[in-house]
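Structure, as structure tokens:
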Amino acid sequence: MSDQYTFQTNLLHNKYKLDPATGAVSVPIQHASTFHQADIDTFGKYDYARSGNPTREALEEVIAELEEGCRGFAFSSGMAAISTAFLLLSKDDHVVISEDVYGGTFRMVSQVLTRFGISHTFVDMTDIEAIKQAIQPNTKLFYVETPSNPLLKVTDIKAVSDLAKEHGALTFVDNTFLTPAIQKPLTLGADIVLHSATKFLSGHSDVVAGLAVVKDPALAERLYFLQNSFGAVLGVQDAWLVLRGLKTLHVRLEHSVKAAEKLANFFKEHPLVNKVYYPGLTDHPQYDIQFSQASSAGAVLSFDLKNEAVFRTFVENVKIPVFAVSLGAVESILSYPAKMSHAAMPEEERAQRGITNSLLRLSVGLENPDDLIKDFSNALDKVKQINLNFDRG
């Protein structure tokens, strides 16, 4: 990336702006699974596509530069990236992790890593004292999701990273919700930043991908060894789709963030909404931390409706958003964490974290926010009409 350009321009004008061989303004898709070696004693840069592929390498280099890390890695899914990074741990290690972490990460930590002797403690990462109390002599990793999914809690990345360094531990940060367009955890002290590139980075609901970026070259070599050994690498067609999506990342987020702010304020004022979770609201408990480490609050918010009956009527009557798993797309996506993103989390665990059966998460897309507000207003009015008819019974 060029230091003379802004992030917005660097998304387009980077090392892979042009194909040096042909002048093409699109990265070539190299489908080869194996590569001819001209010399018996000296192999070329590529030998087998699991170990390295030019198209995947282009994405890995671009995301590394965008996150200001030394090396990037592309995986077959966000969970493949997270799981491979977890393989840096060993038996008897301990993890301190955000309590309302993504359900897939919760499942990996609580049901898979435990089988290999890796223990964990879920903690409210907004509370530094609680984090300190969770530290054990064998704590080797602090795993942070900020803003968290789905309650949008904000963790002070620098404070946690400093604490990790004091104890000789690593810090991983899931940056899926904000992307390097808004937040750069490696510049705040994190060791590895992780992404579900399925979401905002690709942005079009047409690819499943994961990315990791490492700050330190020695740690990067260790992660490369695991990527090559475990083999959950991203296919070249999907790598190309993520590269294409990255070109519009800035403009997509710019619109979606403004729309999310407007929608958060709409829900905040509505009488059928108990609570809105969005770090862009001035009454969010970590509002100041959010804007000290990120340029905006992102395009995802959650809101808790009055009760499950209101929730069901509302979902049945909204027209514009896709009601689906995932987030970060051009279309707005309305999700139900209890049965979608956090279905892997037992109900009692969800309840302890405040993930109720009437909580909805909204990823704001590229629609006109006024159209979305009109749609949501109509759906909530339908709730009022049903209640009124019931009262008249």
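Ligands are numbered from 1 in the order shown, chains are lettered A, B, ... in the order of the structure tokens, and residues start at 1 in each chain.
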- Would you give me, as a PyMOL selection string, the residues in stretch 66-261 of chain A that DSSP reads as helix (DSSP H, G or I)? chain A and resi 66+78-86+103-116+128-134+157-166+185-188+217-230+236-246+249-261
Per residue of stretch 186-215 of chain A within 12 Å of stretch 299-322 of chain A, record the nearest atom pair and its distance in Å to one decimal, counting only C-alpha atoms, with rows in chain order and ascending residue number, as a tab-separated table.
residue	atom	partner	partner_atom	distance
A:Lys199	CA	A:Val300	CA	11.2
A:Phe200	CA	A:Ala299	CA	9.4
A:Ser205	CA	A:Val322	CA	11.0
Please write the residues from the selection above to a file, keeping all heavy atoms, as a tab-separated table (two decimals), in the first residue's frame.
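Final output, part-v7.tsv:
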chain	number	residue	atom	x	y	z
A	199	LYS	N	-18.60	-11.77	5.30
A	199	LYS	CA	-19.43	-10.64	5.70
A	199	LYS	C	-19.04	-9.37	4.93
A	199	LYS	O	-19.06	-9.35	3.72
A	199	LYS	CB	-19.34	-10.48	7.21
A	199	LYS	CG	-19.49	-11.77	8.03
A	199	LYS	CD	-20.79	-12.51	7.77
A	199	LYS	CE	-21.09	-13.60	8.77
A	199	LYS	NZ	-20.16	-14.73	8.81
A	200	PHE	N	-18.66	-8.32	5.64
A	200	PHE	CA	-18.47	-7.01	4.99
A	200	PHE	C	-17.36	-7.00	3.95
A	200	PHE	O	-17.44	-6.27	2.96
A	200	PHE	CB	-18.18	-5.94	6.05
A	200	PHE	CG	-19.39	-5.56	6.86
A	200	PHE	CD1	-19.52	-6.00	8.17
A	200	PHE	CD2	-20.39	-4.77	6.31
A	200	PHE	CE1	-20.64	-5.64	8.92
A	200	PHE	CE2	-21.50	-4.41	7.06
A	200	PHE	CZ	-21.63	-4.86	8.36
A	205	SER	N	-23.05	-11.62	-0.13
A	205	SER	CA	-23.74	-12.88	0.18
A	205	SER	C	-23.50	-13.95	-0.87
A	205	SER	O	-24.39	-14.75	-1.16
A	205	SER	CB	-25.26	-12.63	0.33
A	205	SER	OG	-25.53	-11.77	1.40
- atom CA of A:Lys140 to atom CA of A:Ile289: how many Å, to one decimal? 24.9 Å
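With atom CA of A:Asn14 on one side and atom CA of A:Ala294 on the other, the separation reads 23.1 Å.
In this model, the gap between atom CA of A:Ile82 and atom CA of A:Ile192 comes to 10.0 Å.
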- Message: Neighbouring residues of stretch 54-61 of chain A were defined as those with any atom within 8 Å, considering only C-alpha atoms; residues of the same chain fewer than 3 positions away were excluded. Please report them as number ranges by chain.
- Response: A: 16, 27-30, 64-65, 71-74, 211, 234-236, 239-240, 242-243
- Item | Non-local contacts of A:Leu241 (9 Å; only C-alpha atoms; under 4 positions in same chain excluded) as an MDAnalysis selection string | chainID A and resid 202 206:207 236:237 245:246
How would the residues just chosen look if you wrote them out with all heavy atoms as an mmCIF file, in the first residue's frame?
data_model
loop_
_atom_site.group_PDB
_atom_site.id
_atom_site.type_symbol
_atom_site.label_atom_id
_atom_site.label_comp_id
_atom_site.auth_asym_id
_atom_site.auth_seq_id
_atom_site.Cartn_x
_atom_site.Cartn_y
_atom_site.Cartn_z
ATOM 1 N N SER A 202 -16.305 -9.202 1.679
ATOM 2 C CA SER A 202 -16.788 -9.574 0.346
ATOM 3 C C SER A 202 -18.099 -8.861 0.043
ATOM 4 O O SER A 202 -18.292 -8.337 -1.056
ATOM 5 C CB SER A 202 -16.945 -11.082 0.221
ATOM 6 O OG SER A 202 -17.819 -11.583 1.207
ATOM 7 N N ASP A 206 -22.298 -13.977 -1.443
ATOM 8 C CA ASP A 206 -22.036 -14.961 -2.496
ATOM 9 C C ASP A 206 -20.738 -15.738 -2.299
ATOM 10 O O ASP A 206 -20.280 -16.431 -3.202
ATOM 11 C CB ASP A 206 -22.031 -14.282 -3.872
ATOM 12 C CG ASP A 206 -21.014 -13.143 -3.984
ATOM 13 O OD1 ASP A 206 -20.194 -12.961 -3.057
ATOM 14 O OD2 ASP A 206 -21.054 -12.424 -5.005
ATOM 15 N N VAL A 207 -20.151 -15.649 -1.122
ATOM 16 C CA VAL A 207 -18.909 -16.361 -0.874
ATOM 17 C C VAL A 207 -18.794 -16.661 0.623
ATOM 18 O O VAL A 207 -19.286 -15.887 1.448
ATOM 19 C CB VAL A 207 -17.687 -15.539 -1.356
ATOM 20 C CG1 VAL A 207 -17.578 -14.236 -0.593
ATOM 21 C CG2 VAL A 207 -16.395 -16.330 -1.219
ATOM 22 N N VAL A 236 -9.652 -20.545 -5.166
ATOM 23 C CA VAL A 236 -9.251 -19.365 -5.945
ATOM 24 C C VAL A 236 -10.436 -18.539 -6.438
ATOM 25 O O VAL A 236 -10.357 -17.308 -6.497
ATOM 26 C CB VAL A 236 -8.342 -19.764 -7.120
ATOM 27 C CG1 VAL A 236 -7.021 -20.302 -6.609
ATOM 28 C CG2 VAL A 236 -9.023 -20.789 -8.034
ATOM 29 N N GLN A 237 -11.523 -19.179 -6.802
ATOM 30 C CA GLN A 237 -12.698 -18.424 -7.253
ATOM 31 C C GLN A 237 -13.229 -17.558 -6.111
ATOM 32 O O GLN A 237 -13.575 -16.389 -6.294
ATOM 33 C CB GLN A 237 -13.785 -19.379 -7.745
ATOM 34 C CG GLN A 237 -14.986 -18.693 -8.399
ATOM 35 C CD GLN A 237 -14.669 -18.126 -9.772
ATOM 36 O OE1 GLN A 237 -13.913 -18.723 -10.523
ATOM 37 N NE2 GLN A 237 -15.232 -16.975 -10.096
ATOM 38 N N GLY A 245 -14.965 -7.786 -3.913
ATOM 39 C CA GLY A 245 -15.774 -7.123 -2.902
ATOM 40 C C GLY A 245 -15.016 -6.037 -2.162
ATOM 41 O O GLY A 245 -15.578 -4.993 -1.809
ATOM 42 N N LEU A 246 -13.725 -6.257 -1.910
ATOM 43 C CA LEU A 246 -12.917 -5.275 -1.191
ATOM 44 C C LEU A 246 -12.873 -3.923 -1.895
ATOM 45 O O LEU A 246 -12.750 -2.879 -1.244
ATOM 46 C CB LEU A 246 -11.485 -5.800 -1.019
ATOM 47 C CG LEU A 246 -11.258 -6.799 0.121
ATOM 48 C CD1 LEU A 246 -9.863 -7.411 0.013
ATOM 49 C CD2 LEU A 246 -11.426 -6.115 1.473
#
- Task: Pick out the residues sitting within 12 Å of A:Phe225, and hand them over as an NGL selection string; count only C-alpha atoms, and ignore anything fewer than 3 positions along from it in its own chain.
- Result: :A and (50-52 or 73 or 84-85 or 87-88 or 218-222 or 228-232)
- Task: Would you kindly return, as JSON, numbers by chain, each protein, DNA or RNA residue with an atom no farther than 7 Å from any atom of A:Val101, considering only C-alpha atoms and excluding same-chain residues fewer than 5 positions away?
- Result: {"A": [106, 145, 148, 149]}
Convert the current residue selection to file output with all heavy atoms, as a compact mmCIF listing (two decimals), in the first residue's frame.
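Done, and the output landed in selection.txt:
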# COMPACT_ATOMS: atom_id res chain seq x y z
N PHE A 106 -17.92 -19.99 20.25
CA PHE A 106 -18.32 -20.58 21.53
C PHE A 106 -18.26 -22.11 21.44
O PHE A 106 -17.72 -22.79 22.32
CB PHE A 106 -19.73 -20.12 21.90
CG PHE A 106 -20.29 -20.77 23.14
CD1 PHE A 106 -20.10 -20.18 24.39
CD2 PHE A 106 -21.00 -21.97 23.07
CE1 PHE A 106 -20.61 -20.78 25.54
CE2 PHE A 106 -21.51 -22.57 24.21
CZ PHE A 106 -21.32 -21.97 25.44
N GLU A 145 -13.75 -10.18 20.85
CA GLU A 145 -14.66 -9.85 19.75
C GLU A 145 -15.20 -8.46 20.08
O GLU A 145 -15.87 -8.28 21.11
CB GLU A 145 -15.80 -10.87 19.73
CG GLU A 145 -16.46 -11.04 18.40
CD GLU A 145 -17.51 -12.14 18.45
OE1 GLU A 145 -18.57 -11.90 19.05
OE2 GLU A 145 -17.26 -13.24 17.92
N SER A 148 -18.96 -6.94 20.19
CA SER A 148 -19.27 -8.36 20.33
C SER A 148 -20.58 -8.71 19.62
O SER A 148 -21.39 -7.84 19.31
CB SER A 148 -19.36 -8.72 21.82
OG SER A 148 -20.45 -8.05 22.42
N ASN A 149 -20.75 -9.98 19.40
CA ASN A 149 -21.90 -10.50 18.67
C ASN A 149 -22.76 -11.33 19.62
O ASN A 149 -22.26 -12.33 20.14
CB ASN A 149 -21.37 -11.36 17.52
CG ASN A 149 -22.46 -11.91 16.63
OD1 ASN A 149 -23.62 -11.55 16.74
ND2 ASN A 149 -22.08 -12.80 15.73
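Closest approach to A:Val123 from the set A:Val208, A:Gly103, A:Leu163, A:Ile97 is made by A:Ile97, with distances taken over only C-alpha atoms.
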- Compile the contact shell of A:Gly44 as a ChimeraX atom specification: residues with an atom at most 12 Å away, counting only C-alpha atoms, same-chain residues fewer than 5 positions apart removed. /A:34-39,52-53
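Distances here use only C-alpha atoms; by that measure, the residue among A:Val273, A:Ala130, A:Val173, A:Val233 closest to A:Pro185 is A:Val173.
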- When distances are computed from only C-alpha atoms, which of A:Ser161, A:Thr6, A:Ser196, A:Thr121 shows the smallest separation from A:Tyr102? A:Ser196
- Task: Using DSSP on the backbone coordinates, identify all residues within stretch 84-307 of chain A classified as strand (DSSP E or B); present the result as a ChimeraX atom specification.
- Result: /A:94-98,119-123,139-145,170-174,192-196,210-214,233,273-277,300-305
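Here the question is which of A:Asp381, A:Gly104, A:Pro147, A:Gln290 gets nearest to A:Pro337 using only C-alpha atoms, and that residue is A:Gly104.
Minimum distance to A:Leu281 across A:Ala379, A:Leu152, A:Val251, A:Ala329 (counting only C-alpha atoms) occurs at A:Leu152.
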- One residue among A:Asn378, A:Gln136, A:Thr176, A:Thr282 is nearest to A:Leu327 when using only C-alpha atoms, and that residue is A:Thr176
